[in-house]
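See below for the structure under consideration.
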Amino acid sequence: MDGSRSVEALDVRDVSFRYDLADADGGVRGGADGTPAALDGVSLRVAPGECVVLCGASGCGKTTLTRVANGLVPSFFHGGFAGTCLTCGLDAARVPIDRLTPLVGSVFQNPKTQYFNADSTDELAFPCENMGMGTEAVNRRVAQVAARFGVEGLLDRDLMRLSGGQRQRIAMAAANMLDPRLVVLDEPTGNLDAAAIEDMRVLVRRMKDSGVAVLVAEHRLAWLNGIADRYVVFDGGRIVRSYAVGDFLALAPDEIAGMGLRALDLEPCRRRVRALAAAGDEDGSGAPLLRTRGLIVGHDRRRRRPRFGFGGAGRGAGRSFRRVVGDLTLRRGLIVGLMGRNGCGKTTLARTLTGLAKPLEGSIELEGREVGPHALTRAGFMVMQDVNYQLFSASVREELMIGFGADDSDARSRCDAILDALDLTAFADRHPMSLSGGQKQRVAIGAALMCGKDLIVLDEPTSGLDRLHMERVGGLLRRLADGGRAVLVVTHDEELAAGWCDRIVMLDGPDPSARDAPAGVAARRRTP
Amino acid sequence: MGSSASRTGPHTLDPRTKLVLLLFANLMLFFHVVLVTQLVMAALFLTPMAVEGRTRMASRFAVAVAALTALSMIDPDAMGVPQLHVVSALAVGVSMMLPCFMTGAYAVATTSASAFVYALRRMRAPEAVVVPCVVIIRFFPTVARDYRSIREAMALRGIASGAAAWLRHPARSLEYVLVPLLMNATTVAQDLSVAALTKGLGREGAHTSRTAIRMRACDWGMMAAATLPLVADIAGVV
Amino acid sequence: MEPTVTPQTPDPTTASSTDALHAGTGRRNGTGLATADLITIGVFSALYFVMVCVATLVSTLFTGGFGSIFLPAIAALISGPVFMLLDARLRRFGGITVMGLVIGLFLFVSGHFALSFIASLVFPLAADLIARAGSYRNRTLLLVSYVVFSYGLTGPILPLWFMKDAYVASLEARGKDAAYIEGVFANINTGTFILAMTAILVCALLGGWFGQRLMRKHFAKAGIA
C-alpha cells in the first residue's frame, strides 16, 4: 500500500459497520436494544485543508464515522466492518492503530475523560513520547505547539483543576502534537460556553490554514459558520444529503429544524436571551418559593490539596472564590435560566440554593422564612451534570421507591403516576444504568418528584444533545413548572434558554460572549 | 502534579536513587540497626529533602525523630510506671518505620509523574506495570471528587450518608457509594483507552520521556554516603 | 548516562502489516494483555488503592498506634465489588496479578515495608491462577481467589512483628530488664497474629460474597459485566 495512491486526507469508500452487542457504546451509556447498522454504505472524501461537518440526530452514525477515520472502529469498538477507509492513504481498518497516530489527531466530547495524563504538559508530550522522540525534540515540540495554540499559560498544570474550555484547548493542542494531516473532532463543544467555543473556532481555522483536513461531528452548528466547507447530513447510518457551504447556510431555519439540526444562526436566540435577562422579575407572576438577599457564594479553600501528589503539592491549590449574586427570586411555575461563562459561579450558586454549599454571606428565604442549608437540601433537588452519580438502585422503580416501604401502597401509586408522566413506565424494571442519558435524567427527576421537591435545579441538562432531545428536555422543564414547581436551569445552551426559559439570570453581566476572560484564564489569546 | 521541568535542576536526585534510598530504609528496618545508625541515616535522608526546598517536610520529620528517640529512651521501670513500656515500645516501633516514611514522602513529593514513569521504563519494567501506574496517577485523585458528588446526590435524596449511616447500614451505604463509582470506572476505562490508543500508547518499541533522568555525581555521592553507615552497622562495626 | 533512545520518525508510507489487525488494542505485550486491558486494570487498581487507603484510615482509627494491623481485613471487607467487576470486565489471566503487583509498588514507593512487595506478588498470582481455573466465571473459585488475593496486603503489617524484637534489643542495649515487655508481648504476638489472619479470612469471604451479590444485582443487570 503506498501513500501516494490517494491525495485525500480521508477517503471513505462504501463503509458499513455494525457494533457488536457487547461493545455498543460500552453498554453503559447506550441502551442496547439489538444493534442496527451504525453505518450503511457511507462514502466520503475530505481534501487537505478542508473542513467537513457531519451533522444529524443522535445515533445517526456521525460519531461512528469519526471512529472509522481514526481507526478506533473496528479495532477498539468491535463489530462487523465492510468497505475501505483510506486515512491519509493508509487502510485505517487494517493497519495497527498506532500507525495512524502520527497522521490523525482526535478530540472527543468529554473534557473530563479525554486526557490520559494528570499533568497538562505530560498530556502534550504524551504522543511524542509514544512515538519515541528524543527528550530534546519532545520539549521543543511541546513549546512550539503550546505557542501555536495559545496554551503556554496552561503548561505544568493539574488538568483536573482546569476549566472545561481550558482542557478542551489542551486536547486540541495534544491532537496536533505530531503535525497530523487529519484532525477528527467528535462533538468537541458539548460542554463549552460561548467564549470557549469561540476559541475552538479560532483553533480550527488555524489548523485549516496550515493545510490540515478537519472532520467535525457536531450538534451545535453555529460556531462552524465561516470555517466549514461542506456539511454532510446523516440519518440512520446513511448520508442523506451533502451541501456545499453556501447552499447549506442559505437553508431556512425551519428546513434546518426539519432535518432535526440545531440552529445555524444563534443571533435571534441571543437577542431573546438578552431581552429576558433585561426584563428581570418585574411582572412578579407566580408565588415566590425562594428568595435570596445579599448573597455571596463561593468557597474559601485553605490549602486543600490532594494527599496523593507526585510533586504537585502547593500549586494551584487553596484558591478561594467569591461571587456576589444580585437578589434573586424563584417562583413556582416559572423556568429560570442561569447563564454566564464557565467558572463564573453558576454551579456554585446552584449548589448553594440546594443547600449543598454554604453561602459565604447573605441569606436565603424559603416560602418567606430564612432557612439554612439543610432545609434547602430537603426542599430542592439538583440534576447533576453527571447524572450517573445520582442513581443507586437496581431498577427504575426501586430507584423511585428509595425511602419508601415496598408495601406503602400510596407511594406505589404515586410512583406509577410519576413513571407514567415521565414516559418511564416501559423501563420500570430496567437497571437505570442501562438507560440512555436522557432517560437517566428523567429517572433522577422522578426520584425528586417522589421526594416532593419544590425546587428542581438542572445543571447543563442539554450538553451534547441534538435538537429533538434538547426540545424534549425543554418540554420536561415546562411540565415540571406547570406542576407548580420552581425550575432553575444552569445552561450555556442559548437555544434552550431562548426557547423555554421564562426568565434569564446572567450571573456575570449582560452577555456571556462579550465578557473578558476570567483572571484564571490569563493565557486566552484570540489571535496569534 | 509534577512540574518536572522546574524540579530537574541540579539538586534533584534521580528517581532510581530515590528507590535505592527507599530500599536502604527497608534494610534498616529489617536488620534492626542501632540508634546511632538510625540517627545518622535520618540526617542523610533529610538532607536532599531540605536541599530541594522541602524544608517544612524535613523539619517535621526531624522533630518526629527527636520526639520518638526521646520517648524510646525513657525508663518506665525506674519511673515506676511499667505501663509506659507500651508507649516506649510503640515509639521504638514507629521510629523503626520512620526512615521508610521519610524516604517515601521524599520520593512521592519530589518526583514528577513523568519522571517516575520514565524511571520505570528505564528499569525495564514491562508495559503491563507501567500503563496501570500512569492510569492510577491519573485516576486516583478524581475518585475523591466522585465520592463527594455521590455524597451530595445522596443528601439531595434524603439518603443518610454520614458516619451514623455507615455504622447503621454498612452494607447499604457501601452499595450506594460503590455502584456509581464502579459504573463510572467502566466508562472512564473506555474513554481513557480511546484517548490513549489514538495517541499511540499501544505502539511497540521504545517510549521516551520529556523528562531527562540521569545519574549524576550527587546521586552516586548520596548512595555512597548512605551505604557506609548501613554496611558498618550490619557488619557489626558500630 | 544520557537516555539512549534514538528518535524514530514513523514513516506512514512503508510496511503494511495487515496481519496486525487489532494491534494496539489487541496486541498482547507478551503478557496476554492488550493496552486497553492494562488501562482497565489501572482504573480498577486505582479504586482498589482508594479502598486500601480507606482501610488504613479506618484501621488506624480503631487500633490507634498499631495502625495497619487490621488493614488487610478491612480492605478485604470493602474491596470485593472492585475485584469481582475487574474479573468480569477482563476475564483474562494477568489482571489480578498486575493489580496486586502495582498496589505493592505504590505501597513500597510511599514508604511501606519492602517485604509487602513479595506478598503483593505471590498472593495475587496464586489468586489469578485459581480464578483462571474457573475461567473467571466459577463463583466459588472466584471467592477463593478473592480470599487468597486479600492476603496480598499482609506485607504492611509484618513490621509489627519486628517491633517487639527491636524494643527488646533497645532495652538490652541500654542494659535494662526486658522481662516486662517480653511478658506483655508474648501473648499479644501470637494472639494478634492468629486474630489478624482469621479476620482476613472472614472479611474476605464476606466482602467477596458482597461483591458477587452486587455483580448479580447491578452490573450483570445493567449489561456491563
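By order in the C-alpha cells, chains are A, B, ...; within a chain, residues start at 1; ligands start at 1, following the order shown.
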
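Residue neighbourhood of A:Leu185, excluding near-sequence residues (fewer than 3 positions): Thr66, Gly105, Ser106, Val107, Phe108, Gln109, Met172, Pro188, Val214, Leu215, Val216, Ala217 and Glu218 of chain A, at 9 Å, using only C-alpha atoms.
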
*Give me the residues within 10 Å of A:Met200 as a PyMOL selection string, counting only C-alpha atoms and dropping any in the same chain fewer than 4 places off.*
chain A and resi 149+165+168-169+172+188-189+192+194-196+204-206+223-224+526

Can I get the selected residues back with C-alpha atoms, as a compact mmCIF listing (two decimals), in the first residue's frame?
# COMPACT_ATOMS: atom_id res chain seq x y z
CA PHE A 149 -2.45 27.01 20.34
CA GLY A 165 -12.70 25.17 27.98
CA GLN A 168 -10.50 21.32 25.52
CA ARG A 169 -7.79 23.67 24.25
CA MET A 172 -6.77 20.40 20.63
CA PRO A 188 -15.87 19.00 20.82
CA THR A 189 -18.10 21.79 22.16
CA LEU A 192 -18.34 24.60 26.48
CA ALA A 194 -19.69 30.77 24.19
CA ALA A 195 -16.20 32.15 24.80
CA ALA A 196 -14.59 28.71 24.82
CA VAL A 204 -9.90 25.06 13.89
CA ARG A 205 -9.36 27.89 11.45
CA ARG A 206 -5.68 27.94 12.24
CA TRP A 223 -19.84 28.11 15.65
CA LEU A 224 -18.76 26.42 12.42
CA ARG A 526 -7.88 35.05 20.34

*For chain A, report every residue with an atom at most 8 Å from chain C (counting only C-alpha atoms), formatted as a PyMOL selection string.*
chain A and resi 1-3+26-28+74-76+90+93-100+102-103+131-134+393-394+430-434

*asked:* Give me the residues near A:Ala174 as a PyMOL selection string, where near means some atom within 10 Å (using only C-alpha atoms) and where sequence neighbours in that chain fewer than 2 positions away do not count.
replied: (chain A and resi 105-107+115+120-128+142+145-146+149+168-172+176-178) or (chain B and resi 199)

Within 6 Å of chain B, which residues of chain A show up when using only C-alpha atoms, listed as an mmCIF file with C-alpha atoms, in the first residue's frame?
data_model
loop_
_atom_site.group_PDB
_atom_site.id
_atom_site.type_symbol
_atom_site.label_atom_id
_atom_site.label_comp_id
_atom_site.auth_asym_id
_atom_site.auth_seq_id
_atom_site.Cartn_x
_atom_site.Cartn_y
_atom_site.Cartn_z
ATOM 1 C CA ASP A 98 -0.611 3.331 16.227
ATOM 2 C CA THR A 101 -1.369 8.130 15.360
ATOM 3 C CA THR A 113 -12.053 11.820 30.458
ATOM 4 C CA GLN A 114 -10.292 12.509 27.198
ATOM 5 C CA PHE A 116 -4.679 10.361 29.718
ATOM 6 C CA ASN A 117 -2.179 12.161 31.927
ATOM 7 C CA ALA A 118 -2.763 14.114 35.107
ATOM 8 C CA ASP A 119 -0.429 16.949 34.114
ATOM 9 C CA PRO A 127 2.007 11.364 21.739
ATOM 10 C CA GLU A 129 6.874 10.081 23.841
ATOM 11 C CA ASN A 130 4.878 7.200 22.454
ATOM 12 C CA GLY A 132 9.893 7.520 20.627
ATOM 13 C CA THR A 135 13.764 14.315 25.122
ATOM 14 C CA VAL A 138 9.719 16.372 22.673
ATOM 15 C CA ASN A 139 10.223 19.530 24.694
ATOM 16 C CA ASP A 156 2.596 22.298 34.030
ATOM 17 C CA ASP A 158 -3.058 19.745 37.022
ATOM 18 C CA GLY A 309 0.699 14.173 44.631
ATOM 19 C CA PHE A 310 3.689 13.381 42.536
ATOM 20 C CA GLY A 311 5.378 16.682 43.099
ATOM 21 C CA GLY A 312 2.299 18.789 42.620
ATOM 22 C CA THR A 377 -31.498 20.352 50.634
ATOM 23 C CA PHE A 381 -33.111 18.843 44.076
ATOM 24 C CA TYR A 389 -23.717 9.606 40.361
ATOM 25 C CA GLN A 390 -27.351 10.045 41.306
ATOM 26 C CA PHE A 392 -28.297 3.900 43.200
#

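If only C-alpha atoms are the atoms counted, then among B:Ala235, B:Leu230, B:Met73, B:Met79 the closest residue to B:Phe24 is B:Leu230.
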
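Proximity ranking of A:Leu391, A:Arg13, A:Val104, A:Ser58 relative to A:Cys85 places A:Arg13 first, based on only C-alpha atoms.
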
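Proximity ranking of C:Val148, C:Leu129, C:Leu71, C:Ala166 relative to chain B places C:Ala166 first, based on only C-alpha atoms.
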
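For the atom pair formed by atom CA of A:Leu360 and atom CA of A:Arg341, the distance is 21.2 Å, given to one decimal.
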